[in-house]
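Since the structure comes first, as structure tokens, the remarks are kept for the end.
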Amino acid sequence: MKPDHSVEDRIHHDAVAPHYDALVNVPRDVLSSRIFAQTAKYLPNGRSAMLDLGAGTGHMSARFGSYFDRVLLVDHSEGMLLQARSNLRSLGARAEFVHSDVIEFVEKCEIRFDLVACVGFLHHLASDELARVLSGVSRRLLPGGVLLFAEPIVTKTAEPPLVRWWNAPSLPALSRYLELAPPPEEEMLDLANTKAALKERGFKLVYERRAWELYTRLSGNVVDRLAIAAIDAICHRDGMIWFGVAKHEA
Ligand SMILES: C[S@@+](CC[C@H](N)C(=O)[O-])C[C@H]1O[C@@H](n2cnc3c(N)ncnc32)[C@H](O)[C@@H]1O
């Protein structure tokens, strides 16, 4: 990855921030709810503090933040954090918004957390940066704390026809995202390398699963929810999203 990738990424997210929820999070909301419901039972017993790295508009803090006494959201895009502040008003003073590069943050921060969320963010990093973030996270977790992740990965499997058929009507609207501001070039995560990096830093996977992107067609109504649940159940193997929970073994 190019060294100025982080700068390009910040500029990109500042530009798309006001439209991010409508174009990215809302169409994925049904699938995201399904995915993160599967991880919820692995949440730690301790609920003192949650760290949301590459927090964006705060989608993970909105899902899980209410379980914690303190929620820190870290992002290098001021635009994304501005949206997050507005989305997370219900958390009140428990939510803190940190405008920082994630690597600098995890290497300097002295707080320890029960839950660290990294969603849609780790694949933005070069492999040496990924290693630094995982090391930092391992030091920032309280005993019993967990890392919750969901990331796109490289897969050789073609999208199943049922998934392609379901998503087809949503694609024109989703392509607006790419037109708003060109995203910097980035690669998806290599699954084997990422698992090795986690293991090397003392993480043990306690849950993992794959899924294909499935977009809402009907504003997330009951038909959407039933259809997405059924298609996900049938097609999820070899999907391009890899999500799960990892514990750190000190
Ligand atoms: C694809 S978005 C995902 C946002 C959020 N986690 C979610 O699930 O909706 C990735 C976010 O990571 C942030 N990001 C990328 N690289 C970063 C870095 N090195 N330091 C801080 N934030 C970063 C971007 O600004 C963006 O808000």
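Ordered as shown in the structure tokens, chains take letters A, B, and onward, while each chain numbers its residues from 1 and ligands are numbered from 1 in the order shown.
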- Select the residues contacting ligand 1 at a distance of at most 7 Å, based on only C-alpha atoms and all ligand atoms, then format the selection as a list in words. Ser6, Asp9, Arg10, His13, Asn25, Leu53, Gly54, Ala55, Gly56, Thr57, Gly58, His59, Met60, Val74, Asp75, His76, Ser77, Met80, Ser100, Asp101, Val102, Ile103, Cys118, Val119, Gly120, Phe121, His124 and Leu125 of chain A
Output as JSON lines one row per residue of stretch 120-213 of chain A within 8 Å of stretch 30-45 of chain A: the closest atom pair and its distance in Å to one decimal place, counting only C-alpha atoms, sorted by chain and residue number ascending.
{"residue": "A:Gly144", "atom": "CA", "partner": "A:Pro44", "partner_atom": "CA", "distance": 6.4}
{"residue": "A:Gly145", "atom": "CA", "partner": "A:Pro44", "partner_atom": "CA", "distance": 5.8}
{"residue": "A:Val146", "atom": "CA", "partner": "A:Pro44", "partner_atom": "CA", "distance": 6.6}
{"residue": "A:Leu148", "atom": "CA", "partner": "A:Thr39", "partner_atom": "CA", "distance": 7.8}
{"residue": "A:Val206", "atom": "CA", "partner": "A:Tyr42", "partner_atom": "CA", "distance": 7.9}
{"residue": "A:Tyr207", "atom": "CA", "partner": "A:Thr39", "partner_atom": "CA", "distance": 7.4}
{"residue": "A:Glu213", "atom": "CA", "partner": "A:Leu31", "partner_atom": "CA", "distance": 7.4}
- Task: May I have the residues within 10 Å of A:Leu171 as a VMD selection string, using only C-alpha atoms and disregarding those fewer than 5 positions away in the same chain?
- Result: chain A and resid 164 176 215
- Excluding A:Arg209 and any residue of its chain fewer than 4 positions from it, enumerate the residues within 9 Å of it, using only C-alpha atoms, and give them as a VMD selection string. chain A and resid 35 236 to 237 239 241 to 244
For A:Gly46: contacts at 12 Å, only C-alpha atoms, fewer than 3 positions along chain excluded, given as a tab-separated table (two decimals) with C-alpha atoms, in the first residue's frame:
chain	number	residue	atom	x	y	z
A	42	TYR	CA	-19.35	-13.61	22.84
A	43	LEU	CA	-19.38	-10.12	24.36
A	49	ALA	CA	-15.17	0.37	28.39
A	50	MET	CA	-15.51	-0.18	24.63
A	67	TYR	CA	-23.80	-1.96	27.27
A	68	PHE	CA	-20.66	-0.06	28.36
A	69	ASP	CA	-19.95	2.69	30.90
A	70	ARG	CA	-17.52	4.39	28.54
A	112	ARG	CA	-7.85	-0.70	28.90
A	113	PHE	CA	-11.03	-2.01	27.31
A	114	ASP	CA	-13.42	-4.96	27.54
A	115	LEU	CA	-14.36	-4.74	23.87
A	141	LEU	CA	-7.60	-5.41	26.30
A	142	LEU	CA	-8.60	-6.11	29.89
A	143	PRO	CA	-8.44	-9.75	31.05
A	144	GLY	CA	-11.42	-11.50	29.44
A	145	GLY	CA	-11.72	-8.69	26.87
A	146	VAL	CA	-12.40	-9.43	23.19
- Between A:Val163, A:Ala150, A:Leu23, A:Leu51, which is the closest to A:Ala230 once you count only C-alpha atoms? A:Val163
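For the atom pair formed by atom CA of A:Glu187 and atom CA of A:Val154, the distance is 8.0 Å, given to one decimal.
For the pair atom CA of A:Ala158 and atom CA of A:Ala233, the separation is 17.0 Å.
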- Message: I need the residues of stretch 69-159 of chain A that end up classed as strand (DSSP E or B) by DSSP on the backbone, written out as a ChimeraX atom specification.
- Response: /A:70-75,95-99,113-119,141-153
Can I get the selection written as a short mmCIF file (atom, residue, chain, number, x, y, z; two decimals), in the first residue's frame, with C-alpha atoms?
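Everything below was put into again20.cif:
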data_model
loop_
_atom_site.label_atom_id
_atom_site.label_comp_id
_atom_site.auth_asym_id
_atom_site.auth_seq_id
_atom_site.Cartn_x
_atom_site.Cartn_y
_atom_site.Cartn_z
CA ARG A 70 -17.52 4.39 28.54
CA VAL A 71 -17.19 4.29 24.72
CA LEU A 72 -14.21 5.72 22.83
CA LEU A 73 -14.53 6.22 19.09
CA VAL A 74 -11.30 6.79 17.15
CA ASP A 75 -11.14 7.93 13.53
CA ALA A 95 -19.22 8.53 24.29
CA GLU A 96 -15.86 10.19 23.62
CA PHE A 97 -14.73 11.07 20.11
CA VAL A 98 -11.02 10.94 19.38
CA HIS A 99 -9.71 12.48 16.17
CA PHE A 113 -11.03 -2.01 27.31
CA ASP A 114 -13.42 -4.96 27.54
CA LEU A 115 -14.36 -4.74 23.87
CA VAL A 116 -12.39 -3.46 20.89
CA ALA A 117 -14.33 -3.26 17.61
CA CYS A 118 -12.52 -3.16 14.26
CA VAL A 119 -15.11 -3.20 11.50
CA LEU A 141 -7.60 -5.41 26.30
CA LEU A 142 -8.60 -6.11 29.89
CA PRO A 143 -8.44 -9.75 31.05
CA GLY A 144 -11.42 -11.50 29.44
CA GLY A 145 -11.72 -8.69 26.87
CA VAL A 146 -12.40 -9.43 23.19
CA LEU A 147 -11.69 -8.10 19.72
CA LEU A 148 -14.76 -8.00 17.47
CA PHE A 149 -14.01 -7.75 13.76
CA ALA A 150 -15.74 -7.82 10.37
CA GLU A 151 -13.65 -7.27 7.25
CA PRO A 152 -13.72 -7.95 3.51
CA ILE A 153 -11.30 -10.67 2.47
#
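Within 10 Å of stretch 134-136 of chain A, once only C-alpha atoms are used and residues closer than 4 positions along the same chain are dropped, the contacting residues are Val102, Ile103, Glu104, Phe105, Val106, Glu107, Lys108, Cys109, Leu122, Glu129, Leu130, Arg140, Leu141, Leu147, Ala197, Leu198, Glu200, Arg201, Gly202 and Phe203 of chain A.
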- Query: What is the atom CA of A:Pro27-atom CA of A:Asn87 distance in Å, reported with one decimal?
  - Reply: 16.6 Å
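Minimum distance to A:Asp190 across A:His123, A:Ala93, A:Ile111, A:Thr216 (counting only C-alpha atoms) occurs at A:His123.
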DSSP on the backbone, then: every residue of stretch 6-230 of chain A marked helix (DSSP H, G or I), written as a tab-separated table (two decimals) with N, CA and C atoms, in the first residue's frame.
chain	number	residue	atom	x	y	z
A	6	SER	N	-3.08	6.67	3.88
A	6	SER	CA	-3.85	7.15	5.01
A	6	SER	C	-4.43	8.55	4.74
A	7	VAL	N	-3.60	9.40	4.10
A	7	VAL	CA	-4.06	10.77	3.79
A	7	VAL	C	-5.22	10.70	2.79
A	8	GLU	N	-5.04	9.88	1.75
A	8	GLU	CA	-6.11	9.73	0.74
A	8	GLU	C	-7.38	9.19	1.38
A	9	ASP	N	-7.20	8.24	2.30
A	9	ASP	CA	-8.36	7.64	2.97
A	9	ASP	C	-9.12	8.68	3.79
A	10	ARG	N	-8.35	9.53	4.48
A	10	ARG	CA	-8.99	10.56	5.31
A	10	ARG	C	-9.77	11.54	4.44
A	11	ILE	N	-9.14	11.96	3.33
A	11	ILE	CA	-9.80	12.91	2.42
A	11	ILE	C	-11.09	12.28	1.87
A	12	HIS	N	-10.97	11.01	1.48
A	12	HIS	CA	-12.14	10.30	0.94
A	12	HIS	C	-13.28	10.25	1.96
A	13	HIS	N	-12.94	9.85	3.21
A	13	HIS	CA	-14.02	9.71	4.20
A	13	HIS	C	-14.59	11.06	4.62
A	14	ASP	N	-13.75	12.11	4.64
A	14	ASP	CA	-14.31	13.44	4.93
A	14	ASP	C	-15.34	13.81	3.85
A	15	ALA	N	-15.02	13.47	2.59
A	15	ALA	CA	-15.92	13.85	1.49
A	15	ALA	C	-17.22	13.06	1.51
A	16	VAL	N	-17.14	11.77	1.86
A	16	VAL	CA	-18.37	10.95	1.78
A	16	VAL	C	-19.17	10.96	3.09
A	17	ALA	N	-18.58	11.50	4.16
A	17	ALA	CA	-19.19	11.37	5.49
A	17	ALA	C	-20.69	11.72	5.56
A	18	PRO	N	-21.13	12.87	4.96
A	18	PRO	CA	-22.55	13.21	5.12
A	18	PRO	C	-23.48	12.19	4.45
A	19	HIS	N	-22.95	11.41	3.50
A	19	HIS	CA	-23.80	10.46	2.75
A	19	HIS	C	-23.54	9.01	3.17
A	20	TYR	N	-22.57	8.80	4.08
A	20	TYR	CA	-22.08	7.45	4.36
A	20	TYR	C	-23.19	6.53	4.89
A	21	ASP	N	-23.96	7.02	5.84
A	21	ASP	CA	-24.99	6.15	6.42
A	21	ASP	C	-26.02	5.76	5.36
A	22	ALA	N	-26.48	6.76	4.59
A	22	ALA	CA	-27.53	6.47	3.60
A	22	ALA	C	-27.02	5.51	2.52
A	23	LEU	N	-25.76	5.68	2.11
A	23	LEU	CA	-25.27	4.89	0.98
A	23	LEU	C	-24.57	3.60	1.39
A	24	VAL	N	-24.05	3.55	2.61
A	24	VAL	CA	-23.27	2.36	3.01
A	24	VAL	C	-23.96	1.60	4.15
A	25	ASN	N	-24.25	2.28	5.25
A	25	ASN	CA	-24.75	1.55	6.41
A	25	ASN	C	-26.22	1.12	6.30
A	29	ASP	N	-27.97	-2.67	6.66
A	29	ASP	CA	-28.39	-2.77	8.05
A	29	ASP	C	-28.97	-4.15	8.43
A	30	VAL	N	-29.76	-4.74	7.53
A	30	VAL	CA	-30.38	-6.03	7.87
A	30	VAL	C	-29.30	-7.10	8.02
A	31	LEU	N	-28.37	-7.14	7.06
A	31	LEU	CA	-27.30	-8.14	7.16
A	31	LEU	C	-26.41	-7.86	8.37
A	32	SER	N	-26.08	-6.58	8.60
A	32	SER	CA	-25.23	-6.24	9.75
A	32	SER	C	-25.89	-6.68	11.05
A	33	SER	N	-27.20	-6.46	11.17
A	33	SER	CA	-27.89	-6.86	12.40
A	33	SER	C	-27.78	-8.37	12.58
A	34	ARG	N	-27.93	-9.09	11.48
A	34	ARG	CA	-27.84	-10.56	11.54
A	34	ARG	C	-26.43	-11.00	11.94
A	35	ILE	N	-25.44	-10.38	11.31
A	35	ILE	CA	-24.04	-10.73	11.59
A	35	ILE	C	-23.71	-10.46	13.07
A	36	PHE	N	-24.04	-9.25	13.52
A	36	PHE	CA	-23.58	-8.88	14.86
A	36	PHE	C	-24.42	-9.52	15.96
A	37	ALA	N	-25.64	-9.95	15.62
A	37	ALA	CA	-26.41	-10.73	16.60
A	37	ALA	C	-25.67	-12.04	16.88
A	38	GLN	N	-25.02	-12.58	15.84
A	38	GLN	CA	-24.29	-13.85	16.04
A	38	GLN	C	-23.05	-13.67	16.91
A	39	THR	N	-22.51	-12.45	16.94
A	39	THR	CA	-21.31	-12.24	17.75
A	39	THR	C	-21.67	-11.79	19.18
A	40	ALA	N	-22.92	-11.34	19.37
A	40	ALA	CA	-23.28	-10.70	20.65
A	40	ALA	C	-23.07	-11.63	21.84
A	59	HIS	N	-21.30	3.21	13.76
A	59	HIS	CA	-22.28	2.13	13.64
A	59	HIS	C	-22.07	1.04	14.69
A	60	MET	N	-20.83	0.68	15.03
A	60	MET	CA	-20.60	-0.36	16.04
A	60	MET	C	-20.91	0.16	17.45
A	61	SER	N	-20.58	1.42	17.70
A	61	SER	CA	-20.89	2.00	19.02
A	61	SER	C	-22.40	2.12	19.20
A	62	ALA	N	-23.11	2.38	18.09
A	62	ALA	CA	-24.57	2.45	18.18
A	62	ALA	C	-25.13	1.07	18.53
A	63	ARG	N	-24.54	0.02	17.98
A	63	ARG	CA	-25.02	-1.35	18.27
A	63	ARG	C	-24.70	-1.79	19.70
A	64	PHE	N	-23.48	-1.53	20.15
A	64	PHE	CA	-23.03	-2.14	21.40
A	64	PHE	C	-22.73	-1.14	22.53
A	65	GLY	N	-22.63	0.15	22.20
A	65	GLY	CA	-22.17	1.14	23.18
A	65	GLY	C	-23.02	1.21	24.43
A	66	SER	N	-24.32	0.95	24.30
A	66	SER	CA	-25.20	1.13	25.47
A	66	SER	C	-24.89	0.10	26.56
A	67	TYR	N	-24.16	-0.97	26.23
A	67	TYR	CA	-23.80	-1.96	27.27
A	67	TYR	C	-22.61	-1.51	28.12
A	78	GLU	N	-12.46	13.76	10.43
A	78	GLU	CA	-13.31	14.63	11.25
A	78	GLU	C	-14.75	14.57	10.78
A	79	GLY	N	-14.91	14.44	9.45
A	79	GLY	CA	-16.26	14.39	8.88
A	79	GLY	C	-17.03	13.19	9.41
A	80	MET	N	-16.36	12.02	9.46
A	80	MET	CA	-17.04	10.81	9.94
A	80	MET	C	-17.37	10.98	11.44
A	81	LEU	N	-16.44	11.55	12.20
A	81	LEU	CA	-16.69	11.72	13.64
A	81	LEU	C	-17.84	12.70	13.90
A	82	LEU	N	-17.97	13.69	13.02
A	82	LEU	CA	-19.08	14.65	13.16
A	82	LEU	C	-20.42	13.92	13.04
A	83	GLN	N	-20.50	13.02	12.05
A	83	GLN	CA	-21.73	12.22	11.90
A	83	GLN	C	-21.93	11.32	13.11
A	84	ALA	N	-20.81	10.73	13.60
A	84	ALA	CA	-20.91	9.82	14.75
A	84	ALA	C	-21.47	10.57	15.97
A	85	ARG	N	-20.99	11.79	16.19
A	85	ARG	CA	-21.50	12.59	17.32
A	85	ARG	C	-23.01	12.74	17.23
A	86	SER	N	-23.47	13.02	16.02
A	86	SER	CA	-24.91	13.21	15.85
A	86	SER	C	-25.65	11.88	16.03
A	87	ASN	N	-25.08	10.77	15.53
A	87	ASN	CA	-25.75	9.46	15.64
A	87	ASN	C	-25.80	8.93	17.07
A	89	ARG	N	-25.98	10.62	20.06
A	89	ARG	CA	-26.41	11.54	21.11
A	89	ARG	C	-26.99	10.79	22.31
A	90	SER	N	-27.63	9.65	22.03
A	90	SER	CA	-28.29	8.92	23.14
A	90	SER	C	-27.27	8.37	24.15
A	91	LEU	N	-26.00	8.21	23.74
A	91	LEU	CA	-25.00	7.72	24.70
A	91	LEU	C	-24.52	8.83	25.64
A	92	GLY	N	-24.86	10.08	25.31
A	92	GLY	CA	-24.49	11.23	26.16
A	92	GLY	C	-23.00	11.29	26.42
A	93	ALA	N	-22.66	11.60	27.69
A	93	ALA	CA	-21.26	11.82	28.04
A	93	ALA	C	-20.44	10.53	28.06
A	94	ARG	N	-21.12	9.38	27.93
A	94	ARG	CA	-20.36	8.12	27.93
A	94	ARG	C	-19.52	7.98	26.66
A	102	VAL	N	-5.33	5.69	14.07
A	102	VAL	CA	-5.54	4.56	14.98
A	102	VAL	C	-4.23	4.00	15.53
A	103	ILE	N	-3.22	3.94	14.69
A	103	ILE	CA	-1.95	3.34	15.15
A	103	ILE	C	-1.36	4.20	16.27
A	104	GLU	N	-1.32	5.52	16.03
A	104	GLU	CA	-0.81	6.41	17.08
A	104	GLU	C	-1.62	6.22	18.35
A	105	PHE	N	-2.94	6.12	18.19
A	105	PHE	CA	-3.81	6.02	19.37
A	105	PHE	C	-3.51	4.76	20.17
A	106	VAL	N	-3.50	3.58	19.50
A	106	VAL	CA	-3.33	2.34	20.29
A	106	VAL	C	-1.94	2.25	20.89
A	107	GLU	N	-0.97	2.93	20.28
A	107	GLU	CA	0.39	2.84	20.83
A	107	GLU	C	0.59	3.79	22.01
A	108	LYS	N	-0.25	4.87	22.09
A	108	LYS	CA	-0.06	5.84	23.18
A	108	LYS	C	-1.09	5.68	24.31
A	122	LEU	N	-9.67	-2.67	9.24
A	122	LEU	CA	-8.34	-3.31	9.21
A	122	LEU	C	-7.82	-3.46	7.77
A	123	HIS	N	-8.73	-3.64	6.82
A	123	HIS	CA	-8.26	-3.81	5.44
A	123	HIS	C	-7.73	-2.51	4.84
A	124	HIS	N	-7.91	-1.41	5.56
A	124	HIS	CA	-7.35	-0.13	5.09
A	124	HIS	C	-5.85	-0.06	5.40
A	127	SER	N	0.38	-4.29	5.80
A	127	SER	CA	0.55	-5.43	6.72
A	127	SER	C	1.35	-5.04	7.97
A	128	ASP	N	2.35	-4.13	7.83
A	128	ASP	CA	3.09	-3.73	9.03
A	128	ASP	C	2.21	-2.90	9.97
A	129	GLU	N	1.29	-2.12	9.37
A	129	GLU	CA	0.36	-1.33	10.20
A	129	GLU	C	-0.63	-2.23	10.92
A	130	LEU	N	-1.09	-3.27	10.20
A	130	LEU	CA	-2.02	-4.23	10.81
A	130	LEU	C	-1.36	-4.88	12.03
A	131	ALA	N	-0.08	-5.26	11.87
A	131	ALA	CA	0.65	-5.89	12.97
A	131	ALA	C	0.72	-4.93	14.17
A	132	ARG	N	0.97	-3.63	13.89
A	132	ARG	CA	1.08	-2.66	14.99
A	132	ARG	C	-0.27	-2.47	15.69
A	133	VAL	N	-1.33	-2.43	14.89
A	133	VAL	CA	-2.66	-2.25	15.51
A	133	VAL	C	-3.00	-3.47	16.37
A	134	LEU	N	-2.75	-4.68	15.86
A	134	LEU	CA	-3.08	-5.88	16.65
A	134	LEU	C	-2.26	-5.94	17.92
A	135	SER	N	-0.97	-5.59	17.84
A	135	SER	CA	-0.15	-5.56	19.07
A	135	SER	C	-0.71	-4.55	20.05
A	136	GLY	N	-1.05	-3.36	19.53
A	136	GLY	CA	-1.61	-2.31	20.40
A	136	GLY	C	-2.91	-2.78	21.05
A	137	VAL	N	-3.78	-3.38	20.24
A	137	VAL	CA	-5.07	-3.85	20.78
A	137	VAL	C	-4.82	-4.91	21.86
A	138	SER	N	-3.86	-5.81	21.62
A	138	SER	CA	-3.61	-6.88	22.61
A	138	SER	C	-3.20	-6.27	23.96
A	139	ARG	N	-2.49	-5.14	23.92
A	139	ARG	CA	-2.08	-4.50	25.18
A	139	ARG	C	-3.22	-3.71	25.83
A	140	ARG	N	-4.19	-3.32	25.02
A	140	ARG	CA	-5.28	-2.48	25.51
A	140	ARG	C	-6.47	-3.27	26.03
A	161	PRO	N	-25.05	-17.06	-7.62
A	161	PRO	CA	-26.08	-16.43	-8.46
A	161	PRO	C	-27.25	-15.85	-7.65
A	162	LEU	N	-27.64	-16.55	-6.56
A	162	LEU	CA	-28.77	-16.06	-5.75
A	162	LEU	C	-28.43	-14.71	-5.11
A	163	VAL	N	-27.19	-14.56	-4.65
A	163	VAL	CA	-26.74	-13.31	-4.04
A	163	VAL	C	-26.72	-12.21	-5.11
A	164	ARG	N	-26.19	-12.55	-6.28
A	164	ARG	CA	-26.10	-11.56	-7.37
A	164	ARG	C	-27.50	-11.10	-7.78
A	165	TRP	N	-28.41	-12.04	-7.87
A	165	TRP	CA	-29.79	-11.71	-8.26
A	165	TRP	C	-30.42	-10.78	-7.21
A	166	TRP	N	-30.24	-11.14	-5.92
A	166	TRP	CA	-30.85	-10.33	-4.87
A	166	TRP	C	-30.28	-8.90	-4.87
A	167	ASN	N	-28.98	-8.78	-5.08
A	167	ASN	CA	-28.34	-7.46	-4.96
A	167	ASN	C	-28.52	-6.58	-6.20
A	168	ALA	N	-28.85	-7.18	-7.35
A	168	ALA	CA	-28.83	-6.42	-8.62
A	168	ALA	C	-29.60	-5.10	-8.56
A	169	PRO	N	-30.84	-5.05	-8.03
A	169	PRO	CA	-31.56	-3.77	-8.06
A	169	PRO	C	-30.91	-2.67	-7.21
A	170	SER	N	-30.07	-3.06	-6.25
A	170	SER	CA	-29.47	-2.06	-5.34
A	170	SER	C	-28.19	-1.45	-5.91
A	171	LEU	N	-27.64	-2.08	-6.94
A	171	LEU	CA	-26.30	-1.66	-7.37
A	171	LEU	C	-26.22	-0.23	-7.92
A	172	PRO	N	-27.23	0.24	-8.71
A	172	PRO	CA	-27.11	1.62	-9.21
A	172	PRO	C	-27.00	2.64	-8.08
A	173	ALA	N	-27.84	2.48	-7.03
A	173	ALA	CA	-27.79	3.44	-5.91
A	173	ALA	C	-26.45	3.34	-5.19
A	174	LEU	N	-25.95	2.11	-5.01
A	174	LEU	CA	-24.68	1.94	-4.29
A	174	LEU	C	-23.51	2.52	-5.07
A	175	SER	N	-23.60	2.52	-6.38
A	175	SER	CA	-22.47	3.04	-7.16
A	175	SER	C	-22.33	4.55	-6.98
A	176	ARG	N	-23.39	5.20	-6.45
A	176	ARG	CA	-23.29	6.65	-6.15
A	176	ARG	C	-22.16	6.92	-5.16
A	177	TYR	N	-21.93	5.96	-4.28
A	177	TYR	CA	-20.87	6.12	-3.28
A	177	TYR	C	-19.52	6.31	-3.96
A	178	LEU	N	-19.28	5.50	-4.97
A	178	LEU	CA	-17.99	5.57	-5.67
A	178	LEU	C	-17.88	6.87	-6.46
A	179	GLU	N	-19.05	7.40	-6.90
A	179	GLU	CA	-19.02	8.64	-7.69
A	179	GLU	C	-18.78	9.87	-6.82
A	180	LEU	N	-19.14	9.80	-5.52
A	180	LEU	CA	-19.03	10.97	-4.65
A	180	LEU	C	-17.58	11.45	-4.51
A	191	LEU	N	-6.91	-13.87	4.15
A	191	LEU	CA	-7.42	-14.55	5.35
A	191	LEU	C	-6.32	-15.30	6.11
A	192	ALA	N	-5.51	-16.07	5.37
A	192	ALA	CA	-4.48	-16.88	6.05
A	192	ALA	C	-3.48	-15.96	6.77
A	193	ASN	N	-3.05	-14.88	6.08
A	193	ASN	CA	-2.08	-13.96	6.70
A	193	ASN	C	-2.68	-13.27	7.92
A	194	THR	N	-3.96	-12.91	7.82
A	194	THR	CA	-4.58	-12.19	8.93
A	194	THR	C	-4.73	-13.11	10.14
A	195	LYS	N	-5.11	-14.36	9.87
A	195	LYS	CA	-5.22	-15.32	10.99
A	195	LYS	C	-3.84	-15.53	11.62
A	196	ALA	N	-2.80	-15.61	10.78
A	196	ALA	CA	-1.44	-15.81	11.32
A	196	ALA	C	-1.04	-14.60	12.16
A	197	ALA	N	-1.38	-13.38	11.67
A	197	ALA	CA	-1.03	-12.16	12.43
A	197	ALA	C	-1.74	-12.14	13.78
A	198	LEU	N	-2.99	-12.58	13.80
A	198	LEU	CA	-3.73	-12.62	15.07
A	198	LEU	C	-3.07	-13.61	16.03
A	199	LYS	N	-2.76	-14.80	15.50
A	199	LYS	CA	-2.18	-15.86	16.35
A	199	LYS	C	-0.83	-15.41	16.91
A	200	GLU	N	-0.03	-14.78	16.02
A	200	GLU	CA	1.31	-14.32	16.44
A	200	GLU	C	1.23	-13.34	17.60
A	222	VAL	N	-40.10	-6.65	6.83
A	222	VAL	CA	-40.07	-8.07	7.22
A	222	VAL	C	-39.70	-8.98	6.04
A	223	VAL	N	-40.13	-8.60	4.84
A	223	VAL	CA	-39.80	-9.42	3.65
A	223	VAL	C	-38.29	-9.37	3.42
A	224	ASP	N	-37.73	-8.17	3.52
A	224	ASP	CA	-36.27	-8.02	3.41
A	224	ASP	C	-35.56	-8.91	4.42
A	225	ARG	N	-36.04	-8.84	5.66
A	225	ARG	CA	-35.34	-9.56	6.73
A	225	ARG	C	-35.41	-11.07	6.52
A	226	LEU	N	-36.59	-11.55	6.10
A	226	LEU	CA	-36.73	-12.99	5.88
A	226	LEU	C	-35.89	-13.44	4.68
A	227	ALA	N	-35.93	-12.64	3.60
A	227	ALA	CA	-35.20	-13.03	2.39
A	227	ALA	C	-33.70	-13.00	2.66
A	228	ILE	N	-33.21	-11.97	3.32
A	228	ILE	CA	-31.77	-11.86	3.58
A	228	ILE	C	-31.32	-12.98	4.53
A	229	ALA	N	-32.13	-13.28	5.53
A	229	ALA	CA	-31.78	-14.38	6.45
A	229	ALA	C	-31.69	-15.69	5.67
A	230	ALA	N	-32.65	-15.92	4.78
A	230	ALA	CA	-32.66	-17.19	4.03
A	230	ALA	C	-31.46	-17.26	3.07
